[in-house]
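Structure data follow from entry22.tsv (TSV, C-alpha atoms and all ligand atoms):
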chain	number	residue	atom	x	y	z
A	27	MET	CA	114.78	-109.56	-87.84
A	28	SER	CA	113.28	-106.26	-86.76
A	29	ILE	CA	114.83	-103.70	-84.44
A	30	GLY	CA	112.68	-101.37	-82.36
A	31	SER	CA	114.17	-99.80	-79.26
A	32	ILE	CA	117.57	-98.16	-79.57
A	33	GLY	CA	120.03	-97.38	-76.80
A	34	VAL	CA	122.87	-94.93	-77.35
A	35	ILE	CA	125.98	-95.17	-75.19
A	36	GLY	CA	127.78	-91.84	-74.99
A	37	ALA	CA	126.15	-88.42	-75.13
A	38	GLY	CA	128.92	-86.39	-76.73
A	39	ALA	CA	128.15	-84.54	-79.95
A	40	TRP	CA	127.90	-87.67	-82.09
A	41	GLY	CA	125.95	-89.85	-79.67
A	42	THR	CA	123.45	-87.04	-79.17
A	43	ALA	CA	123.06	-86.43	-82.92
A	44	LEU	CA	122.56	-90.17	-83.52
A	45	ALA	CA	119.98	-90.34	-80.72
A	46	GLN	CA	118.17	-87.45	-82.39
A	47	THR	CA	118.16	-89.31	-85.74
A	48	ALA	CA	117.01	-92.56	-84.16
A	49	ALA	CA	114.17	-90.73	-82.36
A	50	ALA	CA	113.09	-88.71	-85.40
A	51	GLY	CA	110.02	-90.87	-86.01
A	52	GLY	CA	108.94	-90.50	-82.37
A	53	GLU	CA	110.30	-93.93	-81.36
A	54	PRO	CA	111.77	-93.94	-77.83
A	55	VAL	CA	115.56	-93.77	-77.55
A	56	LEU	CA	117.51	-94.24	-74.33
A	57	LEU	CA	120.75	-92.23	-74.15
A	58	TRP	CA	123.46	-93.03	-71.61
A	59	ALA	CA	125.49	-90.00	-70.54
A	60	ARG	CA	128.52	-90.04	-68.30
A	61	GLU	CA	127.87	-86.52	-67.04
A	62	ALA	CA	124.96	-85.99	-64.59
A	63	GLU	CA	124.39	-82.48	-66.00
A	64	VAL	CA	123.89	-83.96	-69.48
A	65	VAL	CA	121.33	-86.46	-68.14
A	66	ALA	CA	119.45	-83.59	-66.47
A	67	ALA	CA	119.61	-81.30	-69.52
A	68	VAL	CA	118.33	-83.99	-71.90
A	69	ASN	CA	115.48	-85.03	-69.59
A	70	ASP	CA	114.46	-81.58	-68.33
A	71	ASP	CA	115.25	-79.26	-71.26
A	72	HIS	CA	115.49	-81.62	-74.27
A	73	ALA	CA	118.93	-80.21	-75.01
A	74	ASN	CA	122.62	-81.04	-74.65
A	75	PRO	CA	124.30	-77.63	-74.40
A	76	LEU	CA	127.57	-79.20	-73.22
A	77	PHE	CA	128.22	-81.26	-76.36
A	78	LEU	CA	125.63	-80.38	-79.03
A	79	PRO	CA	124.54	-76.79	-78.37
A	80	GLY	CA	121.78	-75.21	-80.40
A	81	VAL	CA	119.97	-78.45	-81.29
A	82	PRO	CA	116.51	-78.89	-79.71
A	83	LEU	CA	116.22	-82.60	-78.96
A	84	SER	CA	113.24	-84.86	-79.50
A	85	PRO	CA	111.21	-85.49	-76.31
A	86	ALA	CA	111.35	-89.18	-77.35
A	87	ILE	CA	114.97	-89.21	-76.14
A	88	ARG	CA	115.34	-90.06	-72.45
A	89	ALA	CA	118.72	-89.96	-70.77
A	90	THR	CA	120.11	-92.15	-68.01
A	91	GLY	CA	123.34	-92.37	-66.05
A	92	ALA	CA	122.96	-96.13	-65.48
A	93	LEU	CA	124.26	-98.46	-68.18
A	94	ALA	CA	122.08	-101.27	-66.80
A	95	ASP	CA	118.99	-99.36	-67.98
A	96	LEU	CA	119.99	-100.16	-71.57
A	97	SER	CA	119.59	-103.92	-71.07
A	98	ALA	CA	116.15	-104.01	-72.67
A	99	CYS	CA	117.17	-102.22	-75.91
A	100	ASP	CA	117.08	-104.14	-79.20
A	101	ALA	CA	120.34	-102.55	-80.42
A	102	LEU	CA	123.02	-100.35	-78.88
A	103	LEU	CA	124.89	-97.56	-80.68
A	104	VAL	CA	128.25	-97.27	-78.93
A	105	VAL	CA	129.52	-93.71	-79.29
A	106	THR	CA	132.12	-93.18	-76.57
A	107	PRO	CA	135.61	-92.10	-77.68
A	108	ALA	CA	137.74	-95.01	-78.91
A	109	GLN	CA	140.01	-95.10	-75.86
A	110	HIS	CA	136.99	-95.61	-73.57
A	111	LEU	CA	135.18	-98.30	-75.59
A	112	ARG	CA	136.60	-101.25	-73.68
A	113	GLY	CA	135.77	-99.78	-70.26
A	114	VAL	CA	132.19	-99.02	-71.24
A	115	LEU	CA	131.57	-102.45	-72.81
A	116	ALA	CA	133.03	-104.14	-69.75
A	117	ALA	CA	130.57	-102.21	-67.56
A	118	LEU	CA	127.53	-103.17	-69.67
A	119	PRO	CA	125.36	-105.94	-68.26
A	120	PRO	CA	125.73	-109.13	-70.37
A	121	GLY	CA	123.35	-109.35	-73.34
A	122	ASP	CA	123.12	-110.14	-77.03
A	123	ALA	CA	121.76	-106.91	-78.54
A	124	PRO	CA	123.80	-105.93	-81.62
A	125	LEU	CA	126.48	-103.31	-80.97
A	126	VAL	CA	126.85	-100.57	-83.58
A	127	LEU	CA	130.35	-99.15	-83.13
A	128	CYS	CA	130.51	-95.46	-83.98
A	129	ALA	CA	133.90	-94.34	-82.56
A	130	LYS	CA	136.72	-93.68	-85.01
A	131	GLY	CA	140.02	-94.81	-83.60
A	132	ILE	CA	142.45	-97.55	-82.62
A	133	GLU	CA	143.06	-98.56	-79.00
A	134	ALA	CA	146.38	-97.32	-77.62
A	135	GLY	CA	148.56	-100.07	-76.19
A	136	SER	CA	146.77	-103.01	-77.80
A	137	GLY	CA	146.56	-101.61	-81.35
A	138	ARG	CA	143.09	-103.11	-81.59
A	139	LEU	CA	140.33	-101.86	-83.84
A	140	MET	CA	136.94	-101.18	-82.21
A	141	SER	CA	135.43	-104.41	-83.61
A	142	GLU	CA	138.39	-106.39	-82.23
A	143	ILE	CA	137.64	-105.01	-78.76
A	144	ALA	CA	133.90	-105.65	-79.14
A	145	ALA	CA	134.66	-109.27	-80.09
A	146	ASP	CA	135.49	-109.84	-76.41
A	147	PHE	CA	131.82	-109.08	-75.64
A	148	ARG	CA	129.75	-110.18	-78.69
A	149	GLY	CA	129.88	-112.62	-81.59
A	150	ASP	CA	130.81	-111.27	-85.07
A	151	ASP	CA	127.16	-111.40	-86.15
A	152	ALA	CA	126.19	-108.86	-83.51
A	153	ILE	CA	128.92	-106.32	-84.29
A	154	ALA	CA	128.35	-103.50	-86.78
A	155	VAL	CA	130.26	-100.33	-87.64
A	156	LEU	CA	128.64	-97.02	-88.61
A	157	SER	CA	131.07	-94.56	-90.19
A	158	GLY	CA	131.26	-91.86	-92.84
A	159	PRO	CA	131.36	-88.11	-93.44
A	160	THR	CA	129.18	-86.98	-90.55
A	161	PHE	CA	129.67	-83.74	-88.68
A	162	ALA	CA	127.38	-84.14	-85.66
A	163	HIS	CA	125.99	-80.59	-85.81
A	164	GLU	CA	124.83	-81.16	-89.42
A	165	VAL	CA	123.16	-84.49	-88.56
A	166	GLY	CA	121.60	-82.85	-85.50
A	167	ALA	CA	120.19	-80.16	-87.78
A	168	GLY	CA	118.71	-82.82	-90.08
A	169	LEU	CA	120.96	-81.98	-93.06
A	170	PRO	CA	121.38	-84.74	-95.69
A	171	THR	CA	124.02	-87.30	-94.72
A	172	ALA	CA	125.10	-90.73	-95.98
A	173	VAL	CA	127.05	-93.34	-94.02
A	174	THR	CA	128.49	-96.82	-94.37
A	175	LEU	CA	126.83	-99.40	-92.11
A	176	ALA	CA	128.95	-102.54	-92.06
A	177	CYS	CA	128.04	-105.87	-90.48
A	178	ALA	CA	129.30	-109.36	-91.29
A	179	ASP	CA	125.74	-110.66	-90.90
A	180	GLU	CA	123.71	-109.23	-93.77
A	181	SER	CA	120.34	-109.70	-92.06
A	182	VAL	CA	121.49	-107.85	-88.93
A	183	GLY	CA	122.99	-105.08	-91.11
A	184	ALA	CA	119.76	-104.74	-93.09
A	185	ALA	CA	117.64	-104.59	-89.91
A	186	LEU	CA	119.88	-101.90	-88.43
A	187	ALA	CA	119.83	-99.88	-91.66
A	188	ALA	CA	116.05	-100.10	-91.85
A	189	ARG	CA	115.75	-98.85	-88.26
A	190	LEU	CA	118.26	-95.99	-88.59
A	191	ALA	CA	117.47	-94.72	-92.10
A	192	ARG	CA	115.64	-91.40	-92.42
A	193	PRO	CA	114.80	-89.27	-95.44
A	194	GLY	CA	117.92	-87.23	-94.67
A	195	PHE	CA	120.10	-90.02	-93.20
A	196	ARG	CA	121.01	-92.72	-95.68
A	197	PRO	CA	123.00	-95.80	-94.66
A	198	TYR	CA	124.79	-97.83	-97.39
A	199	LEU	CA	125.28	-101.46	-96.40
A	200	SER	CA	128.59	-103.31	-96.39
A	201	THR	CA	129.93	-106.52	-94.90
A	202	ASP	CA	133.46	-105.06	-94.61
A	203	VAL	CA	133.57	-104.17	-90.91
A	204	ILE	CA	137.37	-103.79	-90.84
A	205	GLY	CA	137.41	-101.52	-93.90
A	206	ALA	CA	134.71	-99.25	-92.47
A	207	GLU	CA	136.56	-98.74	-89.23
A	208	ILE	CA	140.05	-98.35	-90.71
A	209	GLY	CA	138.73	-95.60	-92.99
A	210	GLY	CA	137.41	-93.60	-90.03
A	211	ALA	CA	140.46	-94.15	-87.83
A	212	VAL	CA	143.08	-93.27	-90.45
A	213	LYS	CA	141.27	-90.22	-91.83
A	214	ASN	CA	141.48	-88.54	-88.42
A	215	VAL	CA	145.28	-88.64	-88.53
A	216	LEU	CA	145.32	-87.38	-92.12
A	217	ALA	CA	142.93	-84.54	-91.16
A	218	ILE	CA	145.55	-83.37	-88.65
A	219	ALA	CA	148.10	-83.32	-91.48
A	220	CYS	CA	145.77	-81.27	-93.68
A	221	GLY	CA	145.23	-78.82	-90.85
A	222	VAL	CA	149.01	-78.40	-90.61
A	223	VAL	CA	149.13	-77.58	-94.33
A	224	GLU	CA	146.48	-74.91	-93.81
A	225	GLY	CA	148.05	-73.52	-90.64
A	226	ARG	CA	151.49	-73.27	-92.24
A	227	GLY	CA	150.03	-71.66	-95.39
A	228	LEU	CA	151.31	-74.35	-97.76
A	229	GLY	CA	148.49	-73.91	-100.27
A	230	GLN	CA	145.67	-75.88	-101.82
A	231	ASN	CA	147.90	-77.91	-104.16
A	232	ALA	CA	149.68	-79.29	-101.10
A	233	ARG	CA	146.39	-80.13	-99.41
A	234	ALA	CA	145.10	-82.00	-102.48
A	235	ALA	CA	148.40	-83.89	-102.76
A	236	LEU	CA	148.17	-84.79	-99.09
A	237	ILE	CA	144.60	-86.08	-99.42
A	238	SER	CA	145.65	-88.27	-102.38
A	239	ARG	CA	148.85	-89.58	-100.90
A	240	GLY	CA	147.17	-89.96	-97.50
A	241	PHE	CA	144.48	-92.04	-99.15
A	242	ALA	CA	147.25	-94.23	-100.65
A	243	GLU	CA	148.54	-94.79	-97.09
A	244	MET	CA	145.02	-95.63	-95.88
A	245	VAL	CA	144.61	-98.20	-98.66
A	246	ARG	CA	148.03	-99.81	-98.02
A	247	PHE	CA	147.33	-100.15	-94.30
A	248	GLY	CA	143.73	-101.22	-94.82
A	249	ARG	CA	144.63	-103.93	-97.30
A	250	ALA	CA	147.31	-105.24	-94.94
A	251	ARG	CA	144.57	-105.63	-92.30
A	252	GLY	CA	142.10	-107.29	-94.68
A	253	ALA	CA	140.00	-104.26	-95.68
A	254	ARG	CA	138.49	-103.98	-99.17
A	255	THR	CA	139.69	-101.13	-101.36
A	256	GLU	CA	136.10	-100.35	-102.42
A	257	THR	CA	135.16	-99.71	-98.78
A	258	LEU	CA	138.12	-97.37	-98.33
A	259	ALA	CA	137.15	-95.54	-101.53
A	260	GLY	CA	133.61	-95.12	-100.16
A	261	LEU	CA	131.91	-92.98	-97.53
A	262	ALA	CA	133.82	-94.36	-94.53
A	263	GLY	CA	137.24	-93.73	-96.13
A	264	LEU	CA	137.64	-91.24	-98.94
A	265	GLY	CA	134.28	-89.56	-98.23
A	266	ASP	CA	135.22	-88.81	-94.63
A	267	LEU	CA	138.78	-87.89	-95.62
A	268	VAL	CA	137.50	-85.21	-98.00
A	269	LEU	CA	135.14	-83.83	-95.33
A	270	THR	CA	137.61	-83.59	-92.48
A	271	CYS	CA	140.58	-82.49	-94.58
A	272	SER	CA	138.78	-79.36	-95.72
A	273	SER	CA	136.92	-77.91	-92.76
A	274	THR	CA	137.68	-76.24	-89.45
A	275	SER	CA	134.50	-77.94	-88.17
A	276	SER	CA	136.78	-80.98	-87.82
A	277	ARG	CA	138.45	-81.14	-84.41
A	278	ASN	CA	141.34	-83.08	-85.98
A	279	PHE	CA	141.82	-80.52	-88.76
A	280	SER	CA	141.70	-77.72	-86.16
A	281	LEU	CA	144.34	-79.47	-84.06
A	282	GLY	CA	146.59	-79.63	-87.12
A	283	LEU	CA	145.86	-76.00	-87.91
A	284	GLY	CA	147.22	-75.04	-84.49
A	285	LEU	CA	150.30	-77.21	-84.98
A	286	GLY	CA	150.90	-75.57	-88.37
A	287	GLN	CA	150.68	-72.16	-86.70
A	288	GLY	CA	153.49	-73.19	-84.36
A	289	ARG	CA	151.56	-74.11	-81.22
A	290	SER	CA	152.51	-77.26	-79.28
A	291	ALA	CA	150.31	-80.35	-79.20
A	292	ALA	CA	150.35	-80.29	-75.38
A	293	ASP	CA	148.93	-76.75	-75.38
A	294	LEU	CA	146.34	-77.55	-78.00
A	295	LEU	CA	145.15	-80.71	-76.24
A	296	ALA	CA	145.12	-79.30	-72.70
A	297	ASP	CA	141.72	-78.92	-71.09
A	298	ARG	CA	139.77	-80.11	-74.11
A	299	ARG	CA	136.30	-81.38	-73.34
A	300	THR	CA	135.82	-82.67	-76.89
A	301	VAL	CA	137.88	-85.39	-78.49
A	302	ALA	CA	140.37	-85.15	-81.40
A	303	GLU	CA	140.73	-88.91	-81.95
A	304	GLY	CA	143.62	-88.58	-84.40
A	305	ALA	CA	145.96	-87.48	-81.59
A	306	PHE	CA	145.46	-90.85	-79.85
A	307	THR	CA	145.33	-92.93	-83.02
A	308	ALA	CA	148.46	-91.49	-84.68
A	309	PRO	CA	151.13	-93.17	-82.49
A	310	VAL	CA	149.38	-96.55	-82.36
A	311	LEU	CA	148.70	-96.46	-86.10
A	312	HIS	CA	152.36	-95.61	-86.74
A	313	GLU	CA	153.42	-98.61	-84.64
A	314	ALA	CA	150.89	-100.94	-86.24
A	315	ALA	CA	151.98	-99.87	-89.73
A	316	ALA	CA	155.64	-100.45	-88.88
A	317	ALA	CA	154.82	-103.88	-87.46
A	318	ALA	CA	152.94	-104.78	-90.67
A	319	GLY	CA	155.73	-103.39	-92.90
A	320	VAL	CA	153.39	-100.72	-94.34
A	321	ASP	CA	154.94	-97.41	-95.36
A	322	MET	CA	152.93	-94.45	-93.93
A	323	PRO	CA	155.21	-91.39	-94.13
A	324	ILE	CA	152.43	-88.82	-93.62
A	325	VAL	CA	151.24	-90.64	-90.49
A	326	ALA	CA	154.86	-90.78	-89.28
A	327	GLY	CA	155.14	-87.02	-89.83
A	328	VAL	CA	151.98	-86.34	-87.82
A	329	CYS	CA	153.38	-88.49	-84.99
A	330	ALA	CA	156.61	-86.54	-84.96
A	331	LEU	CA	154.69	-83.25	-84.77
A	332	LEU	CA	152.38	-84.46	-82.01
A	333	GLY	CA	155.34	-85.83	-80.03
A	334	GLY	CA	157.29	-82.59	-80.49
A	335	SER	CA	160.27	-84.43	-82.00
A	336	ALA	CA	160.24	-82.47	-85.27
A	337	ALA	CA	159.27	-79.03	-86.54
A	338	VAL	CA	156.66	-78.52	-89.26
A	339	ASP	CA	159.16	-77.34	-91.87
A	340	ASP	CA	161.43	-80.34	-91.26
A	341	VAL	CA	158.54	-82.79	-91.65
A	342	VAL	CA	157.39	-81.12	-94.88
A	343	GLU	CA	160.93	-81.04	-96.27
A	344	ALA	CA	161.44	-84.73	-95.45
A	345	LEU	CA	158.17	-85.71	-97.15
A	346	LEU	CA	159.07	-83.78	-100.30
A	347	ALA	CA	162.60	-85.19	-100.39
A	348	ARG	CA	161.57	-88.84	-100.42
A	349	PRO	CA	162.96	-90.81	-103.38
A	350	LEU	CA	160.94	-90.38	-106.59
A	351	THR	CA	158.74	-93.38	-107.19
A	352	TYR	CA	155.73	-94.74	-109.08
A	353	GLU	CA	152.35	-93.51	-107.95
A	354	GLY	CA	150.57	-96.86	-107.76
B	401	LIG	N1	131.45	-85.23	-83.36
B	401	LIG	C1	131.32	-85.72	-84.58
B	401	LIG	O1	130.96	-84.99	-85.51
B	401	LIG	C2	131.58	-87.18	-84.83
B	401	LIG	C3	131.09	-87.74	-86.01
B	401	LIG	C4	131.34	-89.09	-86.28
B	401	LIG	C5	132.07	-89.84	-85.37
B	401	LIG	N2	132.52	-89.27	-84.23
B	401	LIG	C6	133.24	-90.14	-83.31
B	401	LIG	O2	132.41	-90.40	-82.20
B	401	LIG	C7	133.21	-90.63	-81.03
B	401	LIG	C8	132.68	-89.76	-79.91
B	401	LIG	O3	132.93	-88.42	-80.28
B	401	LIG	P1	131.99	-87.20	-79.90
B	401	LIG	O4	132.26	-86.13	-80.90
B	401	LIG	O5	130.59	-87.64	-79.72
B	401	LIG	O6	132.54	-86.80	-78.46
B	401	LIG	P2	132.65	-85.33	-77.87
B	401	LIG	O7	134.00	-84.80	-78.17
B	401	LIG	O8	131.49	-84.50	-78.28
B	401	LIG	O9	132.51	-85.58	-76.31
B	401	LIG	C9	133.44	-86.34	-75.56
B	401	LIG	C10	132.76	-87.58	-75.09
B	401	LIG	O10	133.70	-88.36	-74.37
B	401	LIG	C11	133.02	-88.92	-73.26
B	401	LIG	N3	133.99	-89.36	-72.26
B	401	LIG	C12	134.99	-88.66	-71.68
B	401	LIG	N4	135.64	-89.44	-70.79
B	401	LIG	C13	135.03	-90.66	-70.83
B	401	LIG	C14	135.24	-91.89	-70.14
B	401	LIG	N5	136.22	-92.03	-69.23
B	401	LIG	N6	134.44	-92.94	-70.44
B	401	LIG	C15	133.47	-92.82	-71.35
B	401	LIG	N7	133.22	-91.68	-72.03
B	401	LIG	C16	133.99	-90.62	-71.76
B	401	LIG	C17	132.15	-87.78	-72.79
B	401	LIG	O11	131.16	-88.23	-71.91
B	401	LIG	C18	131.59	-87.33	-74.13
B	401	LIG	O12	130.51	-88.15	-74.49
B	401	LIG	C19	134.65	-90.34	-81.45
B	401	LIG	O13	135.30	-91.55	-81.75
B	401	LIG	C20	134.51	-89.52	-82.72
B	401	LIG	O14	135.60	-89.70	-83.61
B	401	LIG	C21	132.29	-87.96	-83.93
B	402	LIG	O1	135.67	-83.36	-85.72
B	402	LIG	P1	136.36	-84.62	-86.18
B	402	LIG	O2	137.66	-84.35	-86.83
B	402	LIG	O3	136.41	-85.63	-85.08
B	402	LIG	O4	135.43	-85.25	-87.32
B	402	LIG	C1	134.11	-85.61	-87.02
B	402	LIG	C2	133.64	-86.74	-87.90
B	402	LIG	O5	134.49	-87.85	-87.78
B	402	LIG	C3	133.47	-86.34	-89.33
B	402	LIG	O6	132.99	-87.42	-90.08
Transcribe the structure of this file into structure tokens.
Amino acid sequence: MSIGSIGVIGAGAWGTALAQTAAAGGEPVLLWAREAEVVAAVNDDHANPLFLPGVPLSPAIRATGALADLSACDALLVVTPAQHLRGVLAALPPGDAPLVLCAKGIEAGSGRLMSEIAADFRGDDAIAVLSGPTFAHEVGAGLPTAVTLACADESVGAALAARLARPGFRPYLSTDVIGAEIGGAVKNVLAIACGVVEGRGLGQNARAALISRGFAEMVRFGRARGARTETLAGLAGLGDLVLTCSSTSSRNFSLGLGLGQGRSAADLLADRRTVAEGAFTAPVLHEAAAAAGVDMPIVAGVCALLGGSAAVDDVVEALLARPLTYEG
């Protein structure tokens, strides 16, 4: 199987950076943007100042506002925020091009992972997940980056990896679709927690403890949903956790930073153009964990902070006062 033309659905920071990578060899890429001004800026100025400022885009990228235009593409990278995935897939004309799911989140209400939503529109063999430690502005600038590319069908995964790989963009293959997406969804919630630690001035020991114990929560939840531990310990899980738990470039970390400084979630989330996925994933992850009997105290703490039902110091005190136990 060989994949030529690529369509990208969603022209936020990540969709634009992925379009830039896919077009790096001069191959045409069609980018669907929801905003008319983004379509115009990409086509007229080869730029996306709204979502990925400062990155001159390849002229091989053409933008469109019509999803139907993507019908002829060999593969589609789906890069809308998690809560909008279903709506966008439902609006796509029917087809069998593989879908590469790039959003990191869980659907509110249904508790479904992105691949579980996509299964309403494609067979398992045509669903892949691309995830890992990937700040869009670094990928847009061509800085070295590695990702997990997971697909149940190894030949489809290999064809997608061959098409998307660049000297500075290195996909590692996996068949663990669920593991790849749980890593990305859970790390966003944990990045909020790490931002709180920073904002409240709790120190680097606390942040390292939180990354470790947060990873333990990710593994417990992932295994309950059928993920492999090795996937969660890879780029899409631990790799992304380390990235977003240590940088204000992360929108999720920055949201937590504000919470730790005493600002309310409502204030911090008001009028945002960009997405902090962890804020949407936290409550649905908390519910899903409870339903599966998986203990996720850090995730529960983040939920309480986002919902305004607890203060930072109370959440920290409760986490530290949990009964002593074995680490493993
Ligand atoms: N930015 C990154 O560095 C990065 C890296 C890896 C993964 N991701 C993931 O990619 C996904 C997209 O994030 P982003 O950073 O590109 O977005 P962004 O924050 O840059 O932009 C918001 C996006 O949401 C879209 N949007 C808003 N309302 C919509 C609707 N009703 N229907 C469809 N789309 C709508 C906008 O058009 C825009 O594309 C998220 O799940 C994010 O976690 C982001
Ligand atoms: O800015 P964030 O927190 O959404 O993180 C972006 C990417 O997920 C990093 O891999």
**Request:** Write out as a PyMOL selection string each polymer residue (protein, DNA or RNA) that has an atom no more than 7 Å from ligand LIG 402 (chain B), with all atoms listed in the file counted.
**Result:** chain A and resi 130+158-161+210+214+217+266+269-270+275-279+301-303
**Request:** Could you please extract the residues within 6 Å of ligand LIG 401 (chain B), counting all atoms listed in the file, and hand them back as a list in words?
**Result:**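 Listed by chain and ascending number, the contacts are Gly36, Ala37, Gly38, Ala39, Trp40, Gly41, Arg60, Phe77, Val105, Thr106, Pro107, Ala108, His110, Cys128, Ala129, Lys130, Thr160, Phe161, Ala162, Thr300, Val301 and Glu303 of chain A.
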**Request:** Find the residue from A:Val104, A:Val212, A:Ala206, A:Ala235 that sits nearest to Gly252 of chain A; use only C-alpha atoms when measuring.
**Result:**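 Selected residue with least distance to Gly252 of chain A: A:Ala206.
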**Among the residues A:Ala43, A:Ile218, A:Ala101, A:Ile237, the one that comes closest to Ala185 of chain A [using all atoms listed in the file]** =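 Nearest to Ala185 of chain A: A:Ala101.
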**Prompt:** For Arg189 of chain A, which residue among A:Leu283, A:Leu175, A:Ala211, A:Leu346 is the nearest when counting all atoms listed in the file?
**Reply:** A:Leu175
From the block you just saw, export segment 57-87 of chain A: C-alpha atoms, as a PDB file, in the first residue's frame.
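Saved to selection.pdb:
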ATOM      1  CA  LEU A  57      -5.945  21.580   4.770  1.00  0.00           C
ATOM      2  CA  TRP A  58      -9.525  22.048   5.948  1.00  0.00           C
ATOM      3  CA  ALA A  59     -10.019  25.097   8.159  1.00  0.00           C
ATOM      4  CA  ARG A  60     -13.195  26.053   9.947  1.00  0.00           C
ATOM      5  CA  GLU A  61     -12.349  29.759   9.864  1.00  0.00           C
ATOM      6  CA  ALA A  62     -12.625  31.601   6.505  1.00  0.00           C
ATOM      7  CA  GLU A  63      -9.768  33.919   7.530  1.00  0.00           C
ATOM      8  CA  VAL A  64      -7.489  30.911   8.022  1.00  0.00           C
ATOM      9  CA  VAL A  65      -8.376  29.561   4.557  1.00  0.00           C
ATOM     10  CA  ALA A  66      -7.542  32.970   3.060  1.00  0.00           C
ATOM     11  CA  ALA A  67      -4.283  33.384   5.018  1.00  0.00           C
ATOM     12  CA  VAL A  68      -3.001  29.920   4.065  1.00  0.00           C
ATOM     13  CA  ASN A  69      -3.870  30.336   0.380  1.00  0.00           C
ATOM     14  CA  ASP A  70      -2.881  33.992  -0.042  1.00  0.00           C
ATOM     15  CA  ASP A  71      -0.006  34.458   2.427  1.00  0.00           C
ATOM     16  CA  HIS A  72       1.186  30.886   3.150  1.00  0.00           C
ATOM     17  CA  ALA A  73       0.725  31.554   6.853  1.00  0.00           C
ATOM     18  CA  ASN A  74      -1.662  30.849   9.723  1.00  0.00           C
ATOM     19  CA  PRO A  75      -1.183  33.828  12.052  1.00  0.00           C
ATOM     20  CA  LEU A  76      -4.318  32.917  14.029  1.00  0.00           C
ATOM     21  CA  PHE A  77      -3.095  29.520  15.246  1.00  0.00           C
ATOM     22  CA  LEU A  78       0.560  29.049  14.253  1.00  0.00           C
ATOM     23  CA  PRO A  79       2.108  32.520  14.037  1.00  0.00           C
ATOM     24  CA  GLY A  80       5.659  32.982  12.834  1.00  0.00           C
ATOM     25  CA  VAL A  81       5.818  29.832  10.690  1.00  0.00           C
ATOM     26  CA  PRO A  82       6.051  30.428   6.918  1.00  0.00           C
ATOM     27  CA  LEU A  83       4.031  27.624   5.334  1.00  0.00           C
ATOM     28  CA  SER A  84       4.892  25.552   2.294  1.00  0.00           C
ATOM     29  CA  PRO A  85       3.134  26.730  -0.901  1.00  0.00           C
ATOM     30  CA  ALA A  86       2.285  23.022  -1.400  1.00  0.00           C
ATOM     31  CA  ILE A  87      -0.384  23.441   1.306  1.00  0.00           C
TER      32      ILE A  87
END
